[in-house]
>>> print(open('target.txt').read())   # compact mmCIF, C-alpha atoms
# COMPACT_ATOMS: atom_id res chain seq x y z
CA MET A 1 82.91 -28.33 -78.96
CA ASP A 2 80.06 -29.97 -77.05
CA PRO A 3 78.47 -28.01 -74.20
CA GLN A 4 77.38 -29.30 -70.80
CA ALA A 5 73.73 -29.07 -69.78
CA PHE A 6 72.84 -26.33 -67.29
CA ILE A 7 69.43 -25.03 -66.23
CA ARG A 8 68.72 -21.44 -65.26
CA LEU A 9 66.02 -20.92 -62.65
CA SER A 10 64.97 -17.26 -62.66
CA ILE A 11 62.68 -15.49 -60.20
CA GLY A 12 61.41 -12.09 -61.25
CA SER A 13 58.49 -9.71 -61.70
CA LEU A 14 58.28 -9.35 -57.92
CA GLY A 15 55.60 -7.19 -56.35
CA LEU A 16 53.76 -7.07 -53.04
CA ARG A 17 50.14 -6.01 -52.61
CA ILE A 18 48.91 -5.41 -49.04
CA PRO A 19 45.23 -4.40 -48.67
CA GLY A 20 44.38 -1.54 -46.30
CA PRO A 21 42.93 -3.69 -43.48
CA ALA A 22 46.07 -5.82 -43.48
CA LEU A 23 48.23 -2.72 -43.21
CA ASN A 24 46.19 -1.34 -40.32
CA ALA A 25 46.51 -4.64 -38.49
CA ALA A 26 50.31 -4.69 -38.83
CA LYS A 27 52.28 -4.03 -35.66
CA SER A 28 54.33 -1.40 -37.41
CA GLY A 29 51.23 0.76 -37.95
CA ILE A 30 51.63 3.56 -40.45
CA HIS A 31 55.28 2.65 -41.03
CA ALA A 32 54.25 -0.58 -42.74
CA VAL A 33 53.54 1.36 -45.95
CA SER A 34 56.77 3.31 -46.06
CA SER A 35 59.14 0.65 -44.70
CA PRO A 36 61.07 -1.38 -47.30
CA CYS A 37 59.97 -4.88 -48.21
CA SER A 38 62.44 -7.63 -49.03
CA CYS A 39 62.56 -11.37 -49.47
CA GLU A 40 64.91 -14.27 -48.94
CA ILE A 41 64.97 -16.75 -51.81
CA ARG A 42 65.99 -20.25 -50.78
CA LEU A 43 66.77 -23.41 -52.72
CA ARG A 44 68.32 -26.42 -51.02
CA GLY A 45 72.04 -26.73 -51.68
CA PHE A 46 72.47 -23.08 -52.72
CA PRO A 47 73.29 -19.91 -50.76
CA VAL A 48 70.30 -17.81 -49.74
CA GLN A 49 69.71 -14.85 -52.07
CA THR A 50 67.97 -11.62 -51.09
CA SER A 51 66.03 -9.09 -53.13
CA ALA A 52 63.89 -6.02 -52.65
CA VAL A 53 60.14 -6.43 -53.23
CA PRO A 54 58.34 -3.32 -54.55
CA LEU A 55 54.98 -2.40 -53.07
CA VAL A 56 52.15 -2.29 -55.62
CA SER A 57 49.47 0.19 -54.62
CA SER A 58 47.09 -0.05 -57.59
CA PRO A 59 44.91 -3.18 -57.94
CA GLU A 60 45.31 -3.03 -61.73
CA ALA A 61 49.11 -2.62 -61.74
CA THR A 62 51.40 -5.53 -62.64
CA PRO A 63 55.17 -5.60 -61.96
CA ASP A 64 57.61 -5.56 -64.85
CA SER A 65 57.51 -9.01 -66.44
CA HIS A 66 61.11 -8.70 -67.65
CA SER A 67 62.72 -7.84 -64.30
CA ILE A 68 64.90 -10.55 -62.73
CA ALA A 69 65.36 -10.55 -58.96
CA SER A 70 67.35 -13.77 -58.59
CA SER A 71 68.75 -16.65 -60.60
CA PHE A 72 70.05 -20.11 -59.76
CA TYR A 73 72.15 -22.12 -62.20
CA LEU A 74 71.71 -25.88 -61.91
CA GLU A 75 73.94 -28.55 -63.40
CA GLU A 76 73.15 -32.26 -63.68
CA SER A 77 74.29 -33.12 -60.15
CA ASP A 78 72.19 -30.30 -58.67
CA LEU A 79 69.07 -31.48 -60.48
CA LYS A 80 69.59 -35.08 -59.34
CA ALA A 81 69.93 -33.93 -55.73
CA LEU A 82 66.82 -31.75 -55.90
CA LEU A 83 64.73 -34.43 -57.64
CA ALA A 84 65.71 -37.16 -55.19
CA PRO A 85 62.62 -38.53 -53.37
CA GLY A 86 61.98 -36.90 -50.01
CA CYS A 87 61.91 -38.72 -46.69
CA PHE A 88 61.20 -37.98 -43.04
CA TYR A 89 64.60 -36.42 -42.45
CA THR A 90 64.91 -34.81 -45.88
CA PRO A 91 61.57 -33.50 -47.16
CA GLN A 92 60.83 -32.85 -50.82
CA ALA A 93 62.99 -29.99 -52.13
CA CYS A 94 61.22 -26.74 -52.89
CA LEU A 95 61.83 -23.15 -53.90
CA GLU A 96 60.96 -20.97 -50.91
CA ILE A 97 60.50 -17.19 -50.90
CA VAL A 98 60.05 -15.57 -47.49
CA VAL A 99 58.80 -11.97 -47.59
CA PHE A 100 59.59 -9.40 -44.88
CA THR A 101 58.79 -5.78 -44.15
CA GLY A 102 61.23 -3.49 -42.32
CA ARG A 103 64.99 -3.80 -42.05
CA LYS A 104 66.85 -6.60 -40.36
CA GLY A 105 68.37 -5.44 -37.10
CA SER A 106 66.92 -1.92 -37.31
CA HIS A 107 64.45 -2.14 -34.42
CA CYS A 108 66.80 -0.52 -31.91
CA GLY A 109 66.19 3.20 -31.83
CA GLY A 110 63.69 4.67 -34.28
CA GLY A 111 63.86 2.04 -37.00
CA VAL A 112 61.22 -0.50 -38.03
CA LYS A 113 61.74 -4.06 -36.88
CA ARG A 114 61.80 -6.65 -39.65
CA GLN A 115 58.56 -8.61 -39.67
CA GLN A 116 57.70 -11.70 -41.73
CA ILE A 117 54.69 -11.18 -43.97
CA GLY A 118 54.40 -14.61 -45.53
CA THR A 119 56.02 -17.42 -47.51
CA PHE A 120 55.67 -18.75 -51.06
CA ARG A 121 56.68 -22.37 -51.72
CA LEU A 122 57.01 -24.24 -55.00
CA GLU A 123 57.95 -27.92 -54.92
CA VAL A 124 60.60 -29.26 -57.28
CA GLY A 125 58.86 -31.49 -59.81
CA PRO A 126 59.71 -33.72 -62.80
CA GLU A 127 59.47 -30.76 -65.20
CA TRP A 128 62.69 -29.40 -63.69
CA GLY A 129 64.64 -32.23 -65.29
CA GLU A 130 63.13 -32.01 -68.78
CA LYS A 131 65.63 -29.33 -69.91
CA LYS A 132 62.94 -27.34 -71.71
CA PRO A 133 61.77 -23.74 -71.23
CA VAL A 134 58.84 -23.74 -68.82
CA ILE A 135 57.08 -21.13 -66.70
CA LEU A 136 56.54 -22.70 -63.29
CA PHE A 137 54.44 -19.85 -61.90
CA ASN A 138 53.31 -16.43 -63.11
CA GLY A 139 50.82 -14.18 -61.31
CA TRP A 140 49.49 -13.20 -57.90
CA ILE A 141 49.23 -15.53 -54.92
CA GLY A 142 48.18 -15.02 -51.33
CA ILE A 143 50.89 -15.45 -48.70
CA GLY A 144 50.58 -15.61 -44.95
CA LYS A 145 47.23 -15.79 -43.21
CA ASN A 146 44.30 -15.63 -45.64
CA LYS A 147 40.85 -14.09 -45.42
CA GLN A 148 39.23 -17.30 -44.19
CA GLU A 149 41.52 -17.40 -41.16
CA THR A 150 41.40 -13.73 -40.16
CA GLY A 151 38.26 -12.45 -41.82
CA LYS A 152 40.38 -9.86 -43.64
CA PRO A 153 42.17 -10.00 -47.00
CA GLY A 154 45.86 -10.87 -46.67
CA ALA A 155 49.02 -9.90 -48.47
CA GLU A 156 49.56 -11.03 -52.06
CA LEU A 157 52.86 -11.66 -53.81
CA HIS A 158 53.35 -11.36 -57.56
CA LEU A 159 56.20 -13.32 -59.13
CA ARG A 160 57.31 -15.16 -62.22
CA VAL A 161 59.31 -18.37 -61.88
CA LYS A 162 60.84 -19.79 -65.04
CA LEU A 163 63.21 -22.56 -66.11
CA ASP A 164 65.43 -22.13 -69.18
CA PRO A 165 68.14 -24.36 -70.67
CA ASP A 166 71.50 -22.59 -70.31
CA PRO A 167 74.16 -24.88 -71.84
CA ARG A 168 77.79 -23.99 -71.13
CA TYR A 169 81.26 -24.84 -72.27
CA VAL A 170 83.52 -25.79 -69.36
CA PHE A 171 87.30 -25.41 -69.58
CA GLN A 172 90.12 -26.20 -67.16
CA PHE A 173 93.74 -25.01 -67.04
CA GLU A 174 95.65 -28.25 -66.41
CA ASP A 175 98.34 -26.53 -64.35
CA VAL A 176 99.08 -23.15 -62.80
CA THR A 177 99.01 -20.34 -65.34
CA THR A 178 102.68 -19.45 -64.87
CA SER A 179 103.63 -22.99 -66.01
CA SER A 180 102.17 -22.38 -69.50
CA PRO A 181 99.61 -25.19 -69.23
CA GLN A 182 97.35 -26.85 -71.72
CA ILE A 183 93.66 -25.85 -71.55
CA VAL A 184 91.14 -28.67 -71.91
CA GLN A 185 87.40 -28.77 -72.37
CA LEU A 186 85.54 -30.87 -69.82
CA GLN A 187 82.62 -33.05 -70.88
CA GLY A 188 81.79 -35.42 -68.06
CA THR A 189 84.93 -37.47 -67.48
CA ILE A 190 86.32 -36.63 -70.93
CA LYS A 191 89.06 -34.02 -71.30
CA GLN A 192 89.63 -32.64 -74.79
CA PRO A 193 92.63 -30.37 -75.47
CA ILE A 194 91.48 -27.08 -76.99
CA PHE A 195 94.14 -24.43 -76.30
CA SER A 196 97.63 -24.00 -74.95
CA CYS A 197 98.66 -21.13 -72.70
CA LYS A 198 102.10 -19.47 -72.95
CA PHE A 199 103.14 -17.29 -70.00
CA SER A 200 106.23 -15.08 -69.92
CA ARG A 201 107.55 -12.61 -67.40
CA ASP A 202 110.22 -11.17 -69.66
CA ARG A 203 110.01 -7.69 -71.10
CA VAL A 204 108.24 -7.67 -74.47
CA SER A 205 110.71 -7.75 -77.33
CA GLN A 206 110.62 -5.20 -80.13
CA VAL A 207 109.79 -7.87 -82.73
CA ASP A 208 106.67 -8.95 -80.84
CA PRO A 209 103.45 -7.33 -82.16
CA LEU A 210 102.40 -6.75 -78.56
CA SER A 211 105.29 -4.32 -78.16
CA ASN A 212 103.17 -1.71 -79.95
CA TYR A 213 101.17 -1.41 -76.73
CA TRP A 214 104.11 -1.53 -74.30
CA SER A 215 105.70 1.54 -72.81
CA GLY A 216 108.36 1.80 -70.13
CA SER A 217 112.08 2.06 -69.63
CA ALA A 218 114.36 -0.93 -69.89
CA ASP A 219 117.28 0.37 -67.86
CA ILE A 220 116.80 -1.89 -64.81
CA SER A 221 116.94 -5.66 -64.50
CA ASP A 222 113.78 -7.73 -64.23
CA GLN A 223 114.88 -9.05 -60.85
CA GLU A 224 115.34 -5.56 -59.41
CA ALA A 225 112.07 -4.37 -60.96
CA GLU A 226 110.17 -7.29 -59.38
CA ARG A 227 111.05 -5.95 -55.93
CA ARG A 228 109.51 -2.58 -56.75
CA GLU A 229 106.82 -3.41 -59.27
CA ARG A 230 105.29 -6.29 -61.19
CA LYS A 231 105.21 -5.71 -64.92
CA GLY A 232 106.08 -7.36 -68.20
CA TRP A 233 103.76 -10.31 -67.55
CA LYS A 234 102.15 -11.66 -70.69
CA VAL A 235 99.90 -14.60 -71.58
CA LYS A 236 99.21 -15.85 -75.09
CA ILE A 237 96.46 -18.34 -75.92
CA HIS A 238 97.22 -20.65 -78.88
CA ASP A 239 94.85 -22.96 -80.73
CA LEU A 240 95.72 -26.54 -81.62
CA SER A 241 97.49 -25.43 -84.79
CA GLY A 242 99.83 -23.21 -82.77
CA SER A 243 98.35 -19.89 -83.91
CA ALA A 244 97.97 -17.19 -81.27
CA VAL A 245 94.24 -16.45 -80.97
CA ALA A 246 94.16 -14.22 -77.86
CA ALA A 247 96.49 -12.58 -75.37
CA ALA A 248 96.63 -10.60 -72.15
CA PHE A 249 99.48 -8.45 -70.86
CA ILE A 250 100.12 -5.91 -68.16
CA THR A 251 99.89 -2.31 -69.34
CA THR A 252 99.87 -0.56 -65.96
CA PRO A 253 102.42 -2.09 -63.55
CA PHE A 254 101.28 -3.44 -60.20
CA VAL A 255 103.12 -1.17 -57.75
CA PRO A 256 102.70 -0.41 -54.03
CA SER A 257 101.04 2.90 -53.24
CA THR A 258 102.89 5.54 -51.25
CA GLY A 259 103.43 4.41 -47.67
CA CYS A 260 102.03 0.94 -48.37
CA ASP A 261 103.31 -2.45 -49.42
CA TRP A 262 100.25 -3.30 -51.53
CA VAL A 263 98.49 -2.28 -54.74
CA ALA A 264 95.75 0.15 -53.70
CA ARG A 265 92.50 1.18 -55.35
CA SER A 266 93.91 4.65 -56.02
CA ASN A 267 96.52 3.17 -58.39
CA PRO A 268 95.40 -0.26 -59.67
CA GLY A 269 97.40 -2.48 -61.95
CA ALA A 270 95.85 -3.15 -65.36
CA TRP A 271 95.81 -5.78 -68.11
CA LEU A 272 94.87 -5.32 -71.76
CA ILE A 273 93.03 -8.26 -73.31
CA VAL A 274 93.58 -8.44 -77.08
CA ARG A 275 92.62 -10.57 -80.07
CA PRO A 276 94.11 -10.85 -83.56
CA ASP A 277 93.21 -8.03 -85.94
CA ALA A 278 91.35 -9.56 -88.88
CA CYS A 279 92.33 -6.67 -91.16
CA ARG A 280 96.02 -6.51 -90.28
CA PRO A 281 98.00 -9.74 -90.02
CA GLU A 282 100.42 -9.99 -87.08
CA SER A 283 98.55 -7.19 -85.31
CA TRP A 284 96.34 -7.17 -82.24
CA GLN A 285 93.08 -5.44 -81.52
CA PRO A 286 92.13 -4.33 -77.95
CA TRP A 287 89.07 -6.12 -76.59
CA GLY A 288 88.95 -5.51 -72.85
CA LYS A 289 90.73 -4.01 -69.86
CA LEU A 290 91.07 -5.68 -66.47
CA GLU A 291 92.07 -3.60 -63.44
CA ALA A 292 92.98 -5.16 -60.10
CA TRP A 293 93.93 -3.96 -56.63
CA ARG A 294 93.95 -5.10 -53.01
CA GLU A 295 91.33 -4.10 -50.46
CA ARG A 296 92.64 -4.34 -46.89
CA GLY A 297 90.37 -5.50 -44.10
CA PHE A 298 89.76 -8.27 -41.60
CA ARG A 299 90.00 -10.55 -44.62
CA ASP A 300 91.83 -9.01 -47.56
CA SER A 301 90.15 -9.09 -50.95
CA ILE A 302 91.37 -8.68 -54.52
CA CYS A 303 89.05 -6.53 -56.62
CA CYS A 304 88.92 -7.30 -60.34
CA ARG A 305 87.15 -4.73 -62.49
CA PHE A 306 86.60 -5.49 -66.18
CA HIS A 307 85.65 -3.07 -68.97
CA LEU A 308 84.83 -4.02 -72.55
CA LEU A 309 86.53 -1.64 -74.98
CA SER A 310 84.89 -0.03 -77.98
CA GLU A 311 86.18 -0.76 -81.46
CA GLY A 312 85.43 2.80 -82.57
CA GLN A 313 87.64 5.86 -82.49
CA ASP A 314 86.05 7.30 -79.37
CA GLY A 315 87.91 4.87 -77.16
CA GLY A 316 84.79 4.17 -75.12
CA LYS A 317 84.58 1.44 -72.52
CA LEU A 318 81.73 -0.30 -70.76
CA LEU A 319 81.84 -1.71 -67.23
CA MET A 320 81.02 -5.41 -67.33
CA SER A 321 82.00 -6.67 -63.89
CA GLU A 322 83.53 -5.62 -60.58
CA ILE A 323 84.13 -8.58 -58.27
CA PHE A 324 85.81 -8.94 -54.89
CA ILE A 325 87.71 -12.23 -54.45
CA ASN A 326 88.96 -13.49 -51.08
CA ALA A 327 92.74 -13.07 -51.20
CA GLU A 328 93.42 -16.14 -49.04
CA LYS A 329 90.77 -18.59 -50.18
CA GLY A 330 90.18 -17.45 -53.76
CA GLY A 331 86.76 -17.25 -55.34
CA GLU A 332 84.84 -16.63 -58.53
CA PHE A 333 85.07 -13.86 -61.08
CA PHE A 334 81.98 -13.64 -63.27
CA ILE A 335 80.08 -11.63 -65.85
CA ASP A 336 76.36 -12.10 -65.24
CA THR A 337 73.62 -9.54 -65.77
CA ASP A 338 71.25 -11.41 -63.44
CA ARG A 339 73.59 -11.57 -60.51
CA GLN A 340 74.87 -8.06 -61.31
CA VAL A 341 77.68 -7.58 -58.79
CA ARG A 342 76.65 -9.63 -55.77
CA SER A 343 80.24 -9.59 -54.51
CA ALA A 344 79.73 -5.96 -53.56
CA SER A 345 82.31 -3.66 -52.10
CA PRO A 346 82.71 -4.25 -48.36
CA ALA A 347 82.81 -0.49 -47.88
CA THR A 348 79.77 0.55 -49.92
CA GLY A 349 77.72 -2.62 -50.28
CA THR A 350 76.56 -1.34 -53.67
CA MET A 351 75.74 -3.42 -56.71
CA THR A 352 76.32 -2.25 -60.25
CA PRO A 353 74.10 -3.39 -63.16
CA ILE A 354 76.12 -4.86 -65.99
CA PRO A 355 75.19 -5.59 -69.60
CA SER A 356 76.65 -8.43 -71.61
CA PRO A 357 77.99 -9.10 -75.11
CA GLN A 358 76.14 -11.14 -77.70
CA SER A 359 79.52 -12.67 -78.55
CA SER A 360 83.06 -11.99 -77.45
CA GLY A 361 83.63 -9.38 -80.13
CA ASP A 362 80.22 -7.74 -80.28
CA PHE A 363 80.40 -4.29 -78.70
CA ALA A 364 77.74 -2.69 -80.87
CA GLY A 365 75.12 -5.07 -79.52
CA LEU A 366 75.67 -3.89 -75.96
CA ALA A 367 73.18 -1.69 -74.17
CA PRO A 368 72.39 -1.26 -70.48
CA ALA A 369 68.79 -2.33 -71.11
CA VAL A 370 69.86 -5.69 -72.56
CA VAL A 371 69.30 -8.55 -70.11
CA VAL A 372 71.00 -11.72 -71.22
CA GLY A 373 72.02 -13.46 -68.00
CA PHE A 374 75.18 -15.47 -67.51
CA VAL A 375 78.18 -14.83 -69.77
CA MET A 376 81.22 -16.38 -68.09
CA SER A 377 82.74 -17.38 -64.77
CA CYS A 378 86.27 -18.17 -63.65
CA ARG A 379 87.07 -19.89 -60.36
CA VAL A 380 90.58 -19.30 -58.99
CA GLN A 381 92.51 -20.19 -55.82
CA GLY A 382 93.89 -17.76 -53.26
CA GLU A 383 97.40 -16.32 -53.24
CA GLY A 384 100.24 -18.77 -52.80
CA LYS A 385 98.07 -21.75 -53.78
CA SER A 386 98.21 -23.96 -56.85
CA SER A 387 95.48 -22.39 -58.98
CA LYS A 388 94.15 -24.16 -62.06
CA PRO A 389 91.40 -21.82 -63.29
CA LEU A 390 88.03 -23.43 -64.06
CA VAL A 391 86.16 -21.45 -66.70
CA GLN A 392 82.51 -21.68 -67.75
CA LEU A 393 81.14 -19.93 -70.85
CA ALA A 394 77.52 -19.59 -71.92
CA MET A 395 77.12 -21.37 -75.25
CA ARG A 396 75.07 -18.52 -76.74
CA HIS A 397 78.07 -16.16 -76.45
CA VAL A 398 80.50 -18.49 -78.23
CA THR A 399 80.18 -18.65 -82.01
CA CYS A 400 83.72 -19.85 -82.79
CA VAL A 401 86.92 -21.04 -81.10
CA GLU A 402 88.30 -17.50 -81.04
CA ASP A 403 85.33 -16.38 -78.91
CA ALA A 404 86.28 -18.94 -76.27
CA ALA A 405 89.98 -18.05 -76.50
CA ILE A 406 89.48 -14.39 -75.55
CA PHE A 407 87.75 -15.48 -72.35
CA MET A 408 90.66 -17.83 -71.59
CA ALA A 409 92.98 -14.82 -71.80
CA LEU A 410 90.70 -12.90 -69.44
CA ALA A 411 90.61 -15.84 -67.02
CA ALA A 412 94.41 -16.06 -67.04
CA ALA A 413 94.66 -12.34 -66.26
CA VAL A 414 92.23 -12.71 -63.33
CA ASP A 415 94.23 -15.64 -61.96
CA LEU A 416 97.58 -13.83 -62.28
CA SER A 417 96.12 -10.69 -60.67
CA ILE A 418 95.75 -12.62 -57.40
CA GLU A 419 99.53 -13.03 -57.33
CA ALA A 420 100.27 -9.59 -58.75
CA CYS A 421 98.36 -7.99 -55.85
CA ARG A 422 100.28 -9.81 -53.13
CA PRO A 423 101.94 -7.47 -50.59
CA PHE A 424 105.46 -6.43 -51.49
CA ARG A 425 106.59 -6.93 -47.87
CA ARG A 426 108.32 -3.59 -47.61
CA LYS A 427 108.59 -1.66 -44.35
CA PHE A 428 105.82 0.89 -44.12
CA ARG A 429 103.69 2.83 -41.69
CA ARG A 430 100.19 1.33 -41.76
CA GLY A 431 98.44 4.60 -41.06
CA ASN A 432 99.75 6.33 -44.17
CA CYS A 433 97.85 4.45 -46.84
CA HIS A 434 94.18 4.06 -47.70
CA SER A 435 92.65 1.80 -50.35
CA LEU A 436 90.14 4.42 -51.40
>>> encode(input="target.txt", output="structure tokens")
Amino acid sequence: MDPQAFIRLSIGSLGLRIPGPALNAAKSGIHAVSSPCSCEIRLRGFPVQTSAVPLVSSPEATPDSHSIASSFYLEESDLKALLAPGCFYTPQACLEIVVFTGRKGSHCGGGVKRQQIGTFRLEVGPEWGEKKPVILFNGWIGIGKNKQETGKPGAELHLRVKLDPDPRYVFQFEDVTTSSPQIVQLQGTIKQPIFSCKFSRDRVSQVDPLSNYWSGSADISDQEAERRERKGWKVKIHDLSGSAVAAAFITTPFVPSTGCDWVARSNPGAWLIVRPDACRPESWQPWGKLEAWRERGFRDSICCRFHLLSEGQDGGKLLMSEIFINAEKGGEFFIDTDRQVRSASPATGTMTPIPSPQSSGDFAGLAPAVVVGFVMSCRVQGEGKSSKPLVQLAMRHVTCVEDAAIFMALAAAVDLSIEACRPFRRKFRRGNCHSL
């Protein structure tokens, strides 16, 4: 398998140093020290990212060189667009970091109004297209008005900007998952068949090795059960020889919560992602668990929460990702330690740090302190639409075909969860159910 070229642009080691005279001159007065500092990180063609900027009080202190505040992932087309010569209407592309103090929109009442401190700019140059590791900037730099203009020392920003090659394998389901499509690898305009996907909605038979994990009564028909719950869905991933190399199946049915017609957070549906057991032929070994539910709101979302399961006897699990996907338009599920969980809960707005595996089967190598960036992403369509999942995998996490296959099973489960979380359209009283 040949990967596609991607570049990772990382911005980290952020810190802000504001000398005393500059603080005294700030309109916010004494609150300038205690108010939070943040920045907007902008790169043409990409959504604006935001990050907190710690205040550095000691002149000798240096921010953590390993911390990552933001990352952009550039493919060939992005690089070509950024490296295109500038003109009057479209100036030369640059990385721009605008630093603020205070909170946006908090000036009413007793809060501190957000105030711009200064801006850092770094033009896109030829080194961006060389596909080699390079540190574009590392250290302190003055932002805003300098000492020559005001007669007083100005604010200084510390940051580290680095480019790293981040090659990826790109896969595409050639049809909707329920149609048992072929999965191809994309390399430019070339499509190479790699896997086949077999979907079934029937109850697992007793001769199927997956039946060891299945529990539930079989005294009602599938058609009747579908009106009350969604269960028995199963996806197997086969290699080109026809051998099953990964699978995903529902272990906790997707059912409406009491008084509702949707799957709520209090009782999510769940998938088990499994791979062949190397020690026991015709057996499967648990690898991960995907939970999904529907969050009601002005625009409904489907939350997909993925845990990696331990191979040991303690049955431990590690949160890898919790992503909210627009139920109508679809979106992207991802595992990325840099982005953490930027698709935060609409209710809490929190972000959860996530570690990442060294390969698809490596649980022992996981630790919260490990920072390894992008692992995988899966783009799916919204409910009722023809979804052909597009999957990207970081090359460094794929050591064999089976590593890629387990992520295909996870992607299929994410895609099917969009449909599994559709409202059941039963009569209900809206006030009786809560997602939390």
>>> closest_residue(input="target.txt", among="A:Phe249, A:Val134, A:Arg299, A:Arg8", to="Trp284 of chain A", atoms="only C-alpha atoms")
A:Phe249
>>> closest_residue(input="target.txt", among="A:Arg114, A:Arg17, A:His66, A:His397", to="Ile143 of chain A", atoms="all atoms listed in the file")
A:Arg17
>>> atom_distance(input="target.txt", atom1="atom CA of Ala270 of chain A", atom2="atom CA of Val398 of chain A")
25.2 Å
>>> atom_distance(input="target.txt", atom1="atom CA of Gly102 of chain A", atom2="atom CA of Arg44 of chain A")
25.5 Å
>>> residues_around(input="target.txt", residues="segment 195-200 of chain A", least_positions_apart="3", cutoff="10 Å", atoms="only C-alpha atoms", output="PyMOL selection string")
chain A and resi 171+173-175+177-185+192+203-204+232-249+401+404-405+408-409+412
>>> write_last_selection(input="target.txt", atoms="C-alpha atoms", output="PDB file, in the coordinates of the input")
ATOM      1  CA  PHE A 171      87.300 -25.410 -69.580  1.00  0.00           C
ATOM      2  CA  PHE A 173      93.740 -25.010 -67.040  1.00  0.00           C
ATOM      3  CA  GLU A 174      95.650 -28.250 -66.410  1.00  0.00           C
ATOM      4  CA  ASP A 175      98.340 -26.530 -64.350  1.00  0.00           C
ATOM      5  CA  THR A 177      99.010 -20.340 -65.340  1.00  0.00           C
ATOM      6  CA  THR A 178     102.680 -19.450 -64.870  1.00  0.00           C
ATOM      7  CA  SER A 179     103.630 -22.990 -66.010  1.00  0.00           C
ATOM      8  CA  SER A 180     102.170 -22.380 -69.500  1.00  0.00           C
ATOM      9  CA  PRO A 181      99.610 -25.190 -69.230  1.00  0.00           C
ATOM     10  CA  GLN A 182      97.350 -26.850 -71.720  1.00  0.00           C
ATOM     11  CA  ILE A 183      93.660 -25.850 -71.550  1.00  0.00           C
ATOM     12  CA  VAL A 184      91.140 -28.670 -71.910  1.00  0.00           C
ATOM     13  CA  GLN A 185      87.400 -28.770 -72.370  1.00  0.00           C
ATOM     14  CA  GLN A 192      89.630 -32.640 -74.790  1.00  0.00           C
ATOM     15  CA  ARG A 203     110.010  -7.690 -71.100  1.00  0.00           C
ATOM     16  CA  VAL A 204     108.240  -7.670 -74.470  1.00  0.00           C
ATOM     17  CA  GLY A 232     106.080  -7.360 -68.200  1.00  0.00           C
ATOM     18  CA  TRP A 233     103.760 -10.310 -67.550  1.00  0.00           C
ATOM     19  CA  LYS A 234     102.150 -11.660 -70.690  1.00  0.00           C
ATOM     20  CA  VAL A 235      99.900 -14.600 -71.580  1.00  0.00           C
ATOM     21  CA  LYS A 236      99.210 -15.850 -75.090  1.00  0.00           C
ATOM     22  CA  ILE A 237      96.460 -18.340 -75.920  1.00  0.00           C
ATOM     23  CA  HIS A 238      97.220 -20.650 -78.880  1.00  0.00           C
ATOM     24  CA  ASP A 239      94.850 -22.960 -80.730  1.00  0.00           C
ATOM     25  CA  LEU A 240      95.720 -26.540 -81.620  1.00  0.00           C
ATOM     26  CA  SER A 241      97.490 -25.430 -84.790  1.00  0.00           C
ATOM     27  CA  GLY A 242      99.830 -23.210 -82.770  1.00  0.00           C
ATOM     28  CA  SER A 243      98.350 -19.890 -83.910  1.00  0.00           C
ATOM     29  CA  ALA A 244      97.970 -17.190 -81.270  1.00  0.00           C
ATOM     30  CA  VAL A 245      94.240 -16.450 -80.970  1.00  0.00           C
ATOM     31  CA  ALA A 246      94.160 -14.220 -77.860  1.00  0.00           C
ATOM     32  CA  ALA A 247      96.490 -12.580 -75.370  1.00  0.00           C
ATOM     33  CA  ALA A 248      96.630 -10.600 -72.150  1.00  0.00           C
ATOM     34  CA  PHE A 249      99.480  -8.450 -70.860  1.00  0.00           C
ATOM     35  CA  VAL A 401      86.920 -21.040 -81.100  1.00  0.00           C
ATOM     36  CA  ALA A 404      86.280 -18.940 -76.270  1.00  0.00           C
ATOM     37  CA  ALA A 405      89.980 -18.050 -76.500  1.00  0.00           C
ATOM     38  CA  MET A 408      90.660 -17.830 -71.590  1.00  0.00           C
ATOM     39  CA  ALA A 409      92.980 -14.820 -71.800  1.00  0.00           C
ATOM     40  CA  ALA A 412      94.410 -16.060 -67.040  1.00  0.00           C
TER      41      ALA A 412
END
>>> atom_distance(input="target.txt", atom1="atom CA of Pro167 of chain A", atom2="atom CA of Thr399 of chain A")
13.4 Å
>>> residues_around(input="target.txt", residues="Pro36 of chain A", least_positions_apart="6", cutoff="10 Å", atoms="only C-alpha atoms", output="NGL selection string")
:A and (52-55 or 100-103 or 112 or 114)
>>> closest_residue(input="target.txt", among="A:Ile302, A:Leu157, A:Val99, A:Ile7", to="Gly129 of chain A", atoms="all atoms listed in the file")
A:Ile7
>>> closest_residue(input="target.txt", among="A:Leu390, A:Cys421, A:Val161, A:Leu308", to="Asn267 of chain A", atoms="only C-alpha atoms")
A:Cys421
>>> closest_residue(input="target.txt", among="A:Ile18, A:Leu74, A:Leu159, A:Ala81", to="Thr62 of chain A", atoms="all atoms listed in the file")
A:Leu159
>>> residues_around(input="target.txt", residues="Arg396 of chain A", least_positions_apart="2", cutoff="9 Å", atoms="all atoms listed in the file", output="NGL selection string")
:A and (166-168 or 358-359 or 375 or 393-394 or 398-399)
>>> residues_around(input="target.txt", residues="Arg379 of chain A", least_positions_apart="6", cutoff="12 Å", atoms="all atoms listed in the file", output="VMD selection string")
chain A and resid 170 to 173 323 325 to 326 329 to 334 387 to 392 408 411 to 412 414 to 415 418
>>> closest_residue(input="target.txt", among="A:Ser38, A:Pro47, A:Phe72, A:Val56", to="Gln116 of chain A", atoms="all atoms listed in the file")
A:Ser38
